[in-house]
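S.K.: Handing you a structure now.
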Amino acid sequence: MTKKQGRVTKISGPLVVAEGMRDANMYDIVRVSDKNLIGEIIEMHGDQASIQVYEETAGLKPGEMVFSENEPLSVELGPGLIGQIFDGIQRPLEELVRIEGSNIKRGASVKALDRTKTWNFKAKVAEGTQVVAGDILGEVKETAILKHLIMVPPKISGTIKEIKSGLFTIEDPIAVITDEKGNTHEISMMQRWPVRIGRPYQSKYSPNEPLITGQRSIDTFFPVAKGGTASVPGPFGSGKTVIQHQLAKWASADVVVYIGCGERGNEMTDVLNEFPELDDPNSGRPLMERTILIANTSDMPVAAREASIYTGITIAEYFRDMGYSVSIMADSTSRWAEALREMSGRLEEMPGEEGYPAYLGSRLAQFYERAGMVKCLGSDDRTGVLTAIGAVSPPGGDLSDPVAQSTLRIVQVFWSLDSALAYQRHFPAINWLSSYSLYSEKIDLWMNENISADWSKLRKDAIALLQEESELQEIVRLVGHDSLSFTDRLKLEAARSIREDFLHQNSFHDIDTYTSLAKQFYMLNCLMNYYYEAIDAIARNADYQRLISLPIRDDLARMKYIPEDDVKQSYDDFLERIHTEISACVPREV
């Protein structure tokens, strides 16, 4: 409702200053001029309001009217979200194109969710039932993959006076709740929620279960927990977007929210073209039936870039509250931070490091802290998971960049992408020496219990072997390979096998693109068993050249291409062959 109003006194790019706004509130949404440009109040001085405008401000002039809508920037939550492509302030792009054509006019306004489409609502509670905020009232089959659960909105509780099943639009009342004061509340299938405020939950748990991604370097060496936070920093061309696409497709999540925040237009076009064509590996249905895309390219107004992160995570929290596992991919938070820097400069705030605002770290923390594994609102015991994975694009891959450093202080998993590995065609180009996961110990306990008791030992030994390889390579560069002992040469060979036969993974290969945890264990156990037995054989005077030329090594290198159904049989055969072939290299005692 547009009650409060003022007049424009200053225009500086996306920043507009208006006077006569004393009755407006911080973070209120406003409409600027008769062009109906949408903006948000980000600073107040007396009756002056500083407004970041989410659209191009060319042609605005002082004296034009500003109208406050008397509510903060909010998103619409309800059936119809899944499969949509929104911009940073939740305008559906496909609908805008249908109405406006390929050139979307400034001030274009369209509801985020379709008001005319009817949904088949099935009630799950009866009249007279006592309900609290977060309780499930019923469900809508939104897609073939996902049931959309209709919940009692936060801050409402009481007795169900009326509820009905049938075909309804998202604005039609489906239930009436009478609270303890006797007030009645009509409940529809749609909720609105301000994006800058996290949605409530009962309690937060410590993450201890892995988010299975099917990517061997992640699941085995640097795992992320369900409800955890991870960062993917790397220079241009190192594969950040490819990794996020792989995670969106293969991670064990019910819903994926992908935010293209300030990315190049052609890159975002590829995402928008590819995602609708991808199939969900679990159901065989289109991946878009459990995906929401938020597209905010680098040529769009910079202020909307800042809002897109909050829009995405609020939508993700809504599905988390249903008890789903949700993954949010933000690509990239560096571009979002650049938007913060530009707005901060126009507000004439005191700059921090490299011109970024002093509150950069706290804003990043506000985003990542909204991830987690939570006990949802409601009387039933429902657990929801929100995992946040952000890409960081530091200039030139420089990890001393303030955005990268602030992110590292917050997140628990750091997948360091290396351009040198990418140029060697080693993907994913996660550097095993500079990456880390602070969830490793907890995940090891889960893996030891659910996959194999040897998991943590194999993982630690493999990482130690890769670290030793790095040290030995320094010696080789100085004095040559022949100066090493046979034991050290074998370590180099075994480490090479881990790098090339285990860590290297082809995302375009039908079989190699995804590896189950069981197969990851079988592969690593075979490679490490070869190493253990070969080291023991060297100590018993086995011939080094024979050891590294055994036929089993070629078969181990091709193990990644063995289908999941056949890998257990191959694994048993390989273990037996490793022992037999290495034993044959040991000279018999006379």
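Order determines the names: the first chain of the structure tokens is A, the second B, and so forth; residues in each chain are numbered 1 upward, and ligands are numbered 1 upward as they are shown.
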Could you list, with a cut-off of 12 Å and counting only C-alpha atoms, the residues of range 190-292 of chain A near range 418-424 of chain A, each shown with its nearest atom pair and the distance in Å rounded to one decimal, rows sorted by chain and ascending number, as CSV?
M.R.:
```
residue,atom,partner,partner_atom,distance
A:Val232,CA,A:Asp418,CA,10.6
A:Pro233,CA,A:Asp418,CA,9.1
A:Gly234,CA,A:Asp418,CA,6.5
A:Pro235,CA,A:Ser419,CA,6.5
A:Phe236,CA,A:Ser419,CA,7.9
A:Gly237,CA,A:Ser419,CA,7.0
A:Ser238,CA,A:Ser419,CA,5.0
A:Gly239,CA,A:Ala422,CA,7.3
A:Lys240,CA,A:Asp418,CA,10.3
A:Val242,CA,A:Ala422,CA,11.6
```
S.K.: For Ile451 in chain A, please output as a list in words all residues within 9 Å (counting only C-alpha atoms; exclusion window: fewer than 4 positions along the same chain).
M.R.: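 Skipping anything fewer than 4 positions along the chain leaves Trp446, Met447, Trp455, Leu517, Ala518 and Phe521 of chain A.
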S.K.: Using only C-alpha atoms, find the one residue out of A:Gly361, A:Gly83, A:Thr241, A:Ser308 that sits nearest to Met288 in chain A.
M.R.: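 Selected residue with least distance to Met288 in chain A: A:Gly83.
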S.K.: So, with only C-alpha atoms as the atoms that count, which of A:Lys181, A:Val257, A:Ile315, A:Gln405 lies closest to Ala112 in chain A?
M.R.: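 Nearest to Ala112 in chain A: A:Ile315.
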S.K.: Rank nothing, just name the residue among A:Leu524, A:Leu278, A:Ile292, A:Ile313 nearest to Ser452 in chain A, using only C-alpha atoms.
M.R.: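 Result for the nearest residue to Ser452 in chain A: A:Leu524.
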S.K.: Residues of range 300-329 of chain A classed as strand (DSSP E) by DSSP on the backbone are to be reported as a list in words.
M.R.: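 Here is the list: Ser325, Val326, Ser327, Ile328 and Met329 of chain A.
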S.K.: Find the spatial neighbours of Lys226 in chain A, counting only C-alpha atoms, within a cut-off of 9 Å - ignore same-chain residues fewer than 3 positions away - and output them as a list in words.
M.R.: Pro207, Asn208, Glu209, Pro210, Leu211, Ile212, Thr229, Ser252, Ala253, Ser325, Val326, Ser327, Gly372, Met373, Val385, Leu386 and Thr387 of chain A
S.K.: With DSSP run on the backbone, what are the helix (DSSP H, G or I) residues within range 503-574 of chain A? I'd like them as a ChimeraX atom specification.
M.R.: /A:503,517-539,544-548,551-557,559-561,564-574
S.K.: Would you work out the distance separating CA of Pro14 in chain A from CA of Ser332 in chain A, expressed in Å to one decimal?
M.R.: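 About the pair CA of Pro14 in chain A and CA of Ser332 in chain A: they are 20.7 Å apart.
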S.K.: So which one's closest to Asp299 in chain A, A:Val110, A:Ala175, A:Ala339, A:Val8? Using only C-alpha atoms, please.
M.R.: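 Counting only C-alpha atoms, the residue closest to Asp299 in chain A is A:Ala339.
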S.K.: Measuring atom to atom with only C-alpha atoms, identify which of A:Thr118, A:Gln90, A:Ser434, A:Thr213 is nearest to Leu167 in chain A.
M.R.: A:Thr118
S.K.: Between A:Ser344, A:Gly284, A:Lys147, A:Trp250, which is the closest to Glu43 in chain A once you count only C-alpha atoms?
M.R.: A:Ser344
S.K.: Neighbours of range 36-42 of chain A within 8 Å (only C-alpha atoms; same-chain residues fewer than 5 positions away dropped), as a list in words?
M.R.: Asn25, Met26, Tyr27, Asp28, Ile29, Val30, Arg31, Ala49, Ser50, Ile51, Gln52, Val53, Tyr54, Glu55, Pro72, Leu73, Arg106, Gly107 and Ala108 of chain A
